[in-house]
Amino acid sequence: MSLISDLTAYFLRVLASFTRAGTPAALTSESPTCRFRLDNESSDTITLPDGRKLGYAQYGSKAGRAIFYLHGLPGSRIEAAAWDELGQKLGARIIAADRPGIGWSSPHPGRTLLGHPEDLEYLAKHLELEEYGVLGISGGGPYALACAMSLPYEKLKCVSIVCGLGPPDIGRLDLTDERRLELLQQSVSKSEGSAQAKDLEVMKDEDFLRLYLRSTRESFAQGFEATLQDGRAMCMDWGFRIEDIRPDLPVQLWYGKLDTFVPLNHGVQIAARLGDRAHLRVEDETHASISGQRMKEEILRGLVSST
C-alpha cells in the first residue's frame with residue numbers, strides 16, 4: 001500500500017471520531033480544568049498577499065526569542081499551547097500558524113512544502129520579527145526543512161526537528177513490515193502489559209488528551225481534504241534537496257529509539273544529508289514521549305540559545 005493510501009485510511013479512522021466536515025471548531029460551553037490553554041484568546045489572522053487568511057496563535061513570552069512552531073499531522077496552531085508555560089520560563093515567544101485549510105487558515109489547493117515558508121515570512125514581517133528560529137514536530141518536520149531551505153538567512157538562526165518525517169525516498173527502511181506491525185500492535189494495545197510504558201504515561205495525561213482533541217478538532221474544522229493535502233505534500237517530491245540547505249544553519253534533530261511512527265532511520269538519514277550542520281540526538285523515547293516535559297525543556301532551551 002502506498003504512503004498516500006496509508007494516510008487516507010488513517011485519517012478516515014481519525015475523522016470518524018470528530019464532528020462531520022464543515023462543523024466549526026468551537027469550544028464547548030463547559031470550561032474544563034486543564035493546565036494547557038484551550039482558548040482562542042491568543043489566536044489571530046492576517047491576510048496574505050494573495051487574499052488568503054493565515055491563522056496563528058502566540059504563546060510563551062511576548063518579549064522572548066521568536067520561535068515558529070510547526071504543528072504535526074493532524075494538528076493545528078492550538079497544539080503549541082503545550083509549550084506556553086515553558087516559553088514563559090525560558091523567554092521564548094512561540095508562534096504557531098495553521099497550515100492551509102486547517103483551523104483559521106484559508107485553503108490553498110495545489111500547495112507545496114515550499115509555499116508555507118512564504119506564508120511564515122509574511123507573518124514574520126507583520127509581527128516585525130528581526131530574527132527567529134523554527135521548531136517542527138513530527139509532520140511539521142518536512143516544513144521545518146523547507147523553512148531551512150528558503151527563509152532569509154539573516155532572519156532564520158536555528159532549526160530544531162523533533163521526530164520529524166524525512167523525504168519520501170527515505171521510507172521506513174530500518175524496520176520490516178512485519179516488525180512494524182508487531183511494534184504498532186503493542187503500542188495501541190489496550191493491555192497495559194504489552195504497550196510501551198512511556199506511551200501509557202502520556203496517554204493517561206488527561207490534560208494532554210484534552211489539548212490533543214482541541215487541536216485536532218481545529219485540524220478538521222474545514223473538512224477532511226486539507227489534512228489529507230497536508231500529508232500528500234509530505235509524500236511527494238519536496239522541490240528541494242536536504243543537501244542544498246545552507247551550510248551555516250545549525251539544525252538540531254531529536255529522535256526516539258522506540259518510535260514506531262517515525263523510525264529513527266529518518267533522523268539518521270536527514271543528519272547524513274545535512275552533514276556537519278546537523279546535531280542528532282537519539283533518546284530512549286517513543287513518538288509521544290520524546291516531547292515530554294524533560295525533553296521539551298532541553299529542546300526549547302537549545303533553540304532559544306541559538307536564536
# chains A, B, ... in the order shown; residues from 1 in each chain; ligands from 1
call {"tool": "residues_around", "arguments": {"residues": "Glu41 of chain A", "least_positions_apart": "2", "cutoff": "12 Å", "atoms": "only C-alpha atoms", "output": "list in words"}}
result
Leu27, Arg37, Leu38, Asp39, Ser43, Asp44, Thr45, Tyr56, Ala57, Gln58, Tyr59, Ile78 and Ala81 of chain A
call {"tool": "residues_around", "arguments": {"residues": "Asp276 of chain A", "least_positions_apart": "5", "cutoff": "9 Å", "atoms": "only C-alpha atoms", "output": "list in words"}}
result
Pro247, Pro250 and Ala271 of chain A
call {"tool": "residues_around", "arguments": {"residues": "Lys53 of chain A", "least_positions_apart": "3", "cutoff": "8 Å", "atoms": "only C-alpha atoms", "output": "short mmCIF file (atom, residue, chain, number, x, y, z; two decimals) with N, CA, C and O atoms, in the first residue's frame"}}
result
data_model
loop_
_atom_site.label_atom_id
_atom_site.label_comp_id
_atom_site.auth_asym_id
_atom_site.auth_seq_id
_atom_site.Cartn_x
_atom_site.Cartn_y
_atom_site.Cartn_z
N THR A 45 -5.66 36.33 12.92
CA THR A 45 -5.44 36.05 11.49
C THR A 45 -4.83 37.28 10.83
O THR A 45 -4.99 38.41 11.30
N ILE A 46 -4.10 37.03 9.74
CA ILE A 46 -3.66 38.11 8.86
C ILE A 46 -4.09 37.74 7.44
O ILE A 46 -4.36 36.57 7.15
N THR A 47 -4.15 38.73 6.58
CA THR A 47 -4.47 38.50 5.17
C THR A 47 -3.17 38.48 4.37
O THR A 47 -2.39 39.44 4.41
N LEU A 48 -2.95 37.39 3.66
CA LEU A 48 -1.74 37.23 2.86
C LEU A 48 -1.86 37.99 1.54
O LEU A 48 -2.98 38.37 1.14
N TRP A 104 -7.89 28.25 11.28
CA TRP A 104 -8.33 29.55 10.80
C TRP A 104 -7.67 29.96 9.48
O TRP A 104 -7.86 31.08 9.01
N SER A 105 -6.89 29.09 8.87
CA SER A 105 -6.22 29.42 7.61
C SER A 105 -7.05 29.01 6.40
O SER A 105 -7.66 27.93 6.40
N SER A 106 -7.03 29.83 5.38
CA SER A 106 -7.77 29.54 4.15
C SER A 106 -7.14 28.36 3.41
O SER A 106 -5.94 28.15 3.48
#
call {"tool": "residues_around", "arguments": {"residues": "Pro107 of chain A", "least_positions_apart": "3", "cutoff": "9 Å", "atoms": "only C-alpha atoms", "output": "ChimeraX atom specification"}}
result
/A:52-53,99-102,222,226
call {"tool": "closest_residue", "arguments": {"among": "A:Glu297, A:Asp248, A:Asp119, A:Asp169", "to": "Lys157 of chain A", "atoms": "only C-alpha atoms"}}
result
A:Asp248
